[in-house]
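Participant: Mind looking over this structure? Questions follow.
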Amino acid sequence: MENVSNQQIIDALQGQFGEESIYGIAESHGILQVTTEVEHIVPMLHFLYQHPVLKFQFLTDLAGIHFPEAKGQELGVIYHLHSLENNVRLWIKIYVPIENPVVPTVTGLYATANWMEREAFDFYGIIFEGHPNLIRILNVEDMDYHPMRKEYPLEDATRHDKIDELFGR
């Protein structure tokens, strides 16, 4: 087992995909976070999976995100990867415009992505191109909206059973 550092991961990614393709580099609690473009995500995940040292062969989670104020990059996907052999984690983020929320599926590499992508589709409306069965997973099929998008008020303004003073308002 090799001791893989976050800098080694950055160097490997930038060496393979170029410095301009790996940006937003940050670290939180020792976990490296990078951002890339949609067209790089599948080749990047394959590279990390097949790398003889890095071996990011476990997709821990895949999550949709919504930032309505980020014009042209309102929706995104975060891939949580884990190299079990090296005990190293990595988050890779991609962003897409809400008008065209299409990203390629990674179910061909990680079977676990199947339900995770369906969940991101169900709650955020992110379309995973090439997914074998992209249908809602938790909400009813005839819903015409995606409930985790920040397009709806947090509370029902018509409710009269709350006392605003008790909530600091």
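All residue names refer to the structure tokens as shown: chains lettered A, B, ... in order, residues numbered from 1 in each chain, ligands numbered from 1 in order.
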With 8 Å as the cut-off and only C-alpha atoms counted, what is the closest atom pair between each nearby residue of stretch 7-76 of chain A and stretch 148-157 of chain A? Distances in Å to one decimal, ordered by chain and number, as a Markdown table.

Facilitator:
| residue | atom | partner | partner_atom | distance |
| --- | --- | --- | --- | --- |
| A:His66 | CA | A:Arg149 | CA | 5.9 |
| A:Phe67 | CA | A:Lys150 | CA | 7.7 |
| A:Pro68 | CA | A:Lys150 | CA | 6.8 |

Participant: Let me make sure I understand: among A:Met143, A:Met44, A:Val34, A:Met116, which one has the smallest atom-to-atom distance to A:Phe56 if we use only C-alpha atoms?

Facilitator: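 Selected residue with least distance to A:Phe56: A:Met44.
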
Participant: Excluding A:Ile127 and its own-chain neighbours fewer than 2 positions away, which residues fall within 12 Å of it when counting only C-alpha atoms? Please give them as a compact mmCIF listing (two decimals) with N, CA, C and O atoms, in the first residue's frame.

Facilitator:
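The resulting file, result.txt, is shown below:
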# COMPACT_ATOMS: atom_id res chain seq x y z
N GLY A 64 -26.53 15.41 -6.46
CA GLY A 64 -26.90 16.60 -7.22
C GLY A 64 -26.84 17.82 -6.32
O GLY A 64 -26.99 17.72 -5.10
N LEU A 75 -26.88 23.87 -11.88
CA LEU A 75 -26.94 22.50 -11.38
C LEU A 75 -25.56 21.85 -11.45
O LEU A 75 -24.74 22.20 -12.30
N GLY A 76 -25.34 20.91 -10.58
CA GLY A 76 -24.06 20.21 -10.58
C GLY A 76 -24.17 18.82 -10.03
O GLY A 76 -25.20 18.42 -9.47
N VAL A 77 -23.10 18.09 -10.19
CA VAL A 77 -22.98 16.74 -9.66
C VAL A 77 -21.64 16.66 -8.93
O VAL A 77 -20.62 17.15 -9.43
N VAL A 96 -23.53 22.32 -14.72
CA VAL A 96 -24.23 22.45 -16.00
C VAL A 96 -25.30 23.52 -15.87
O VAL A 96 -25.79 23.81 -14.78
N PRO A 97 -25.68 24.14 -17.01
CA PRO A 97 -26.76 25.13 -16.96
C PRO A 97 -28.10 24.45 -16.73
O PRO A 97 -28.34 23.33 -17.20
N ILE A 98 -28.99 25.12 -16.03
CA ILE A 98 -30.29 24.54 -15.73
C ILE A 98 -31.13 24.33 -16.99
O ILE A 98 -31.99 23.46 -17.03
N GLU A 99 -30.83 25.10 -18.05
CA GLU A 99 -31.56 24.95 -19.32
C GLU A 99 -31.17 23.67 -20.06
O GLU A 99 -31.90 23.19 -20.92
N ASN A 100 -30.00 23.13 -19.77
CA ASN A 100 -29.51 21.93 -20.44
C ASN A 100 -28.75 21.06 -19.43
O ASN A 100 -27.53 20.92 -19.51
N PRO A 101 -29.47 20.46 -18.49
CA PRO A 101 -28.82 19.72 -17.40
C PRO A 101 -28.43 18.29 -17.77
O PRO A 101 -28.88 17.33 -17.16
N VAL A 102 -27.59 18.16 -18.77
CA VAL A 102 -27.22 16.84 -19.28
C VAL A 102 -25.76 16.53 -18.95
O VAL A 102 -24.87 17.33 -19.25
N VAL A 103 -25.55 15.38 -18.32
CA VAL A 103 -24.20 14.88 -18.05
C VAL A 103 -24.17 13.40 -18.45
O VAL A 103 -25.20 12.73 -18.43
N PRO A 104 -23.02 12.87 -18.79
CA PRO A 104 -22.96 11.45 -19.16
C PRO A 104 -23.08 10.55 -17.93
O PRO A 104 -22.62 10.89 -16.85
N THR A 105 -23.69 9.41 -18.13
CA THR A 105 -23.78 8.44 -17.05
C THR A 105 -22.42 7.82 -16.78
O THR A 105 -21.58 7.75 -17.67
N GLU A 117 -27.64 8.17 -9.70
CA GLU A 117 -28.00 9.05 -10.81
C GLU A 117 -29.51 9.20 -10.90
O GLU A 117 -30.00 10.30 -11.19
N ARG A 118 -30.23 8.14 -10.64
CA ARG A 118 -31.70 8.24 -10.65
C ARG A 118 -32.18 9.19 -9.57
O ARG A 118 -33.12 9.96 -9.77
N GLU A 119 -31.55 9.17 -8.42
CA GLU A 119 -31.92 10.08 -7.33
C GLU A 119 -31.64 11.53 -7.72
O GLU A 119 -32.47 12.42 -7.50
N ALA A 120 -30.47 11.80 -8.31
CA ALA A 120 -30.14 13.16 -8.75
C ALA A 120 -31.10 13.63 -9.85
O ALA A 120 -31.48 14.80 -9.90
N PHE A 121 -31.50 12.73 -10.72
CA PHE A 121 -32.50 13.05 -11.73
C PHE A 121 -33.84 13.37 -11.07
O PHE A 121 -34.49 14.37 -11.38
N ASP A 122 -34.25 12.52 -10.17
CA ASP A 122 -35.54 12.66 -9.50
C ASP A 122 -35.64 13.98 -8.75
O ASP A 122 -36.63 14.71 -8.88
N PHE A 123 -34.63 14.33 -7.99
CA PHE A 123 -34.70 15.50 -7.13
C PHE A 123 -34.22 16.79 -7.78
O PHE A 123 -34.65 17.88 -7.38
N TYR A 124 -33.33 16.71 -8.76
CA TYR A 124 -32.77 17.93 -9.36
C TYR A 124 -33.04 18.06 -10.85
O TYR A 124 -32.80 19.12 -11.42
N GLY A 125 -33.48 17.01 -11.51
CA GLY A 125 -33.73 17.07 -12.95
C GLY A 125 -32.49 16.97 -13.80
O GLY A 125 -32.50 17.33 -14.98
N GLU A 129 -27.18 11.14 -19.50
CA GLU A 129 -27.23 10.59 -20.85
C GLU A 129 -26.60 9.20 -20.90
O GLU A 129 -25.48 9.00 -20.42
N GLY A 130 -27.34 8.24 -21.45
CA GLY A 130 -26.87 6.87 -21.55
C GLY A 130 -27.24 5.99 -20.38
O GLY A 130 -26.91 4.81 -20.35
N HIS A 131 -27.94 6.55 -19.40
CA HIS A 131 -28.35 5.76 -18.23
C HIS A 131 -29.31 4.66 -18.67
O HIS A 131 -30.19 4.90 -19.49
N PRO A 132 -29.16 3.44 -18.15
CA PRO A 132 -29.99 2.33 -18.60
C PRO A 132 -31.46 2.40 -18.20
O PRO A 132 -32.30 1.75 -18.84
N ASN A 133 -31.82 3.19 -17.18
CA ASN A 133 -33.20 3.23 -16.72
C ASN A 133 -33.47 4.52 -15.95
O ASN A 133 -33.79 4.49 -14.76
N LEU A 134 -33.33 5.66 -16.60
CA LEU A 134 -33.43 6.95 -15.92
C LEU A 134 -34.90 7.31 -15.68
O LEU A 134 -35.52 8.02 -16.46
N ILE A 135 -35.42 6.80 -14.58
CA ILE A 135 -36.79 7.13 -14.15
C ILE A 135 -36.71 7.54 -12.68
O ILE A 135 -35.71 7.28 -12.00
N ARG A 136 -37.77 8.17 -12.21
CA ARG A 136 -37.79 8.58 -10.80
C ARG A 136 -37.61 7.37 -9.90
O ARG A 136 -38.05 6.28 -10.22
N HIS A 146 -38.96 19.12 -9.70
CA HIS A 146 -37.86 18.44 -9.00
C HIS A 146 -37.71 19.11 -7.63
O HIS A 146 -37.23 20.24 -7.54

Participant: DSSP says alpha helix (DSSP H) for which residues of stretch 19-118 of chain A? Put them as a ChimeraX atom specification?

Facilitator: /A:38-50,113-118

Participant: Against stretch 1-13 of chain A, which residues of stretch 57-113 of chain A fall within 10 Å? For each one I want the closest pair of atoms and the distance in Å (one decimal), counting only C-alpha atoms, rows by chain and increasing residue number, as CSV.

Facilitator:
residue,atom,partner,partner_atom,distance
A:Ser83,CA,A:Val4,CA,9.6
A:Glu85,CA,A:Met1,CA,6.5
A:Asn86,CA,A:Met1,CA,6.2
A:Asn87,CA,A:Val4,CA,8.6
A:Val88,CA,A:Val4,CA,7.2
A:Arg89,CA,A:Asn6,CA,9.0
A:Leu90,CA,A:Asn6,CA,8.5

Participant: Those residues you just picked out, can you put them in a file as a short mmCIF file (atom, residue, chain, number, x, y, z; two decimals), in the first residue's frame with all heavy atoms?

Facilitator:
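Wrote selection.cif, looks like this:
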data_model
loop_
_atom_site.label_atom_id
_atom_site.label_comp_id
_atom_site.auth_asym_id
_atom_site.auth_seq_id
_atom_site.Cartn_x
_atom_site.Cartn_y
_atom_site.Cartn_z
N SER A 83 -10.43 5.53 -2.75
CA SER A 83 -9.43 4.51 -3.04
C SER A 83 -9.30 3.66 -1.78
O SER A 83 -8.67 4.08 -0.81
CB SER A 83 -8.09 5.14 -3.41
OG SER A 83 -7.10 4.15 -3.51
N GLU A 85 -7.72 0.89 -1.33
CA GLU A 85 -6.36 0.41 -1.13
C GLU A 85 -5.47 1.46 -0.47
O GLU A 85 -4.63 1.14 0.36
CB GLU A 85 -5.75 -0.03 -2.46
CG GLU A 85 -4.42 -0.71 -2.28
CD GLU A 85 -3.94 -1.37 -3.56
OE1 GLU A 85 -4.74 -1.99 -4.26
OE2 GLU A 85 -2.73 -1.26 -3.82
N ASN A 86 -5.67 2.73 -0.84
CA ASN A 86 -4.85 3.81 -0.29
C ASN A 86 -5.54 4.57 0.84
O ASN A 86 -4.94 5.45 1.44
CB ASN A 86 -4.49 4.80 -1.40
CG ASN A 86 -3.63 4.17 -2.46
OD1 ASN A 86 -2.54 3.69 -2.16
ND2 ASN A 86 -4.12 4.15 -3.69
N ASN A 87 -6.80 4.27 1.08
CA ASN A 87 -7.62 4.97 2.06
C ASN A 87 -7.58 6.49 1.84
O ASN A 87 -7.29 7.27 2.74
CB ASN A 87 -7.20 4.62 3.49
CG ASN A 87 -8.27 5.06 4.49
OD1 ASN A 87 -9.45 5.18 4.15
ND2 ASN A 87 -7.86 5.32 5.72
N VAL A 88 -7.85 6.87 0.61
CA VAL A 88 -7.86 8.28 0.22
C VAL A 88 -9.20 8.57 -0.45
O VAL A 88 -9.72 7.75 -1.21
CB VAL A 88 -6.71 8.59 -0.76
CG1 VAL A 88 -6.78 10.03 -1.25
CG2 VAL A 88 -5.37 8.34 -0.11
N ARG A 89 -9.74 9.74 -0.16
CA ARG A 89 -11.02 10.14 -0.75
C ARG A 89 -10.81 11.35 -1.66
O ARG A 89 -9.88 12.13 -1.47
CB ARG A 89 -12.04 10.47 0.33
CG ARG A 89 -12.39 9.25 1.17
CD ARG A 89 -13.37 9.62 2.27
NE ARG A 89 -13.60 8.49 3.14
CZ ARG A 89 -14.58 7.61 2.98
NH1 ARG A 89 -15.42 7.73 1.98
NH2 ARG A 89 -14.72 6.61 3.82
N LEU A 90 -11.72 11.50 -2.61
CA LEU A 90 -11.65 12.60 -3.58
C LEU A 90 -13.06 12.97 -4.00
O LEU A 90 -13.89 12.09 -4.23
CB LEU A 90 -10.84 12.13 -4.80
CG LEU A 90 -10.85 13.02 -6.05
CD1 LEU A 90 -10.18 14.36 -5.78
CD2 LEU A 90 -10.17 12.29 -7.20
#

Participant: For each of A:Leu138, A:Ala63, A:Ala113, A:Val53, take the minimum atom-to-atom distance to A:Tyr95, counting only C-alpha atoms, then give the residue where this is smallest.

Facilitator: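 Using only C-alpha atoms, A:Tyr95 sits closest to A:Ala63.
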
Participant: Determine, using only C-alpha atoms, which residues of stretch 4-69 of chain A have any atom at most 10 Å from an atom of stretch 107-111 of chain A, and tabulate each with its shortest atom pair and distance in Å to one decimal place, rows ordered by chain and then rising number, as CSV.

Facilitator:
residue,atom,partner,partner_atom,distance
A:Val42,CA,A:Leu109,CA,8.6
A:Leu45,CA,A:Leu109,CA,8.1
A:His46,CA,A:Leu109,CA,7.2
A:Tyr49,CA,A:Leu109,CA,8.4
A:Gln57,CA,A:Tyr110,CA,8.1
A:Phe58,CA,A:Tyr110,CA,7.5
A:Leu59,CA,A:Tyr110,CA,6.6
A:Thr60,CA,A:Tyr110,CA,9.9

Participant: Would you work out the distance separating atom CA of A:Ile92 from atom CA of A:Lys55, expressed in Å to one decimal?

Facilitator: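 Between atom CA of A:Ile92 and atom CA of A:Lys55 the gap is 15.0 Å.
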
Participant: Leaving out A:Lys93 and any residue of its chain fewer than 6 positions from it, which residues lie within 12 Å of it when counting only C-alpha atoms, given as a VMD selection string?

Facilitator: chain A and resid 21 to 26 32 to 38 40 to 41 44 to 45 62 to 65 73 75 to 81 103

Participant: DSSP on the backbone, then: every residue of chain A marked strand (DSSP E), written as an MDAnalysis selection string.

Facilitator: chainID A and resid 23:28 31:35 58:66 75:83 88:96 102:104 127:129

Participant: Would you please work out which residue, of A:Phe17, A:Ile31, A:Asp61, A:Glu165, is nearest to A:Trp115 when using only C-alpha atoms?

Facilitator: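 Smallest separation from A:Trp115 among the options: A:Asp61.
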
Participant: Enter the distance from atom CA of A:Gly15 to atom CA of A:His82, in Å, rounded to one decimal.

Facilitator: 20.4 Å

Participant: Kindly give the distance, in Å, that separates atom CA of A:Val140 and atom CA of A:Asn114, rounded to a single decimal.

Facilitator: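 Atom-to-atom, atom CA of A:Val140 to atom CA of A:Asn114, that is 18.1 Å.
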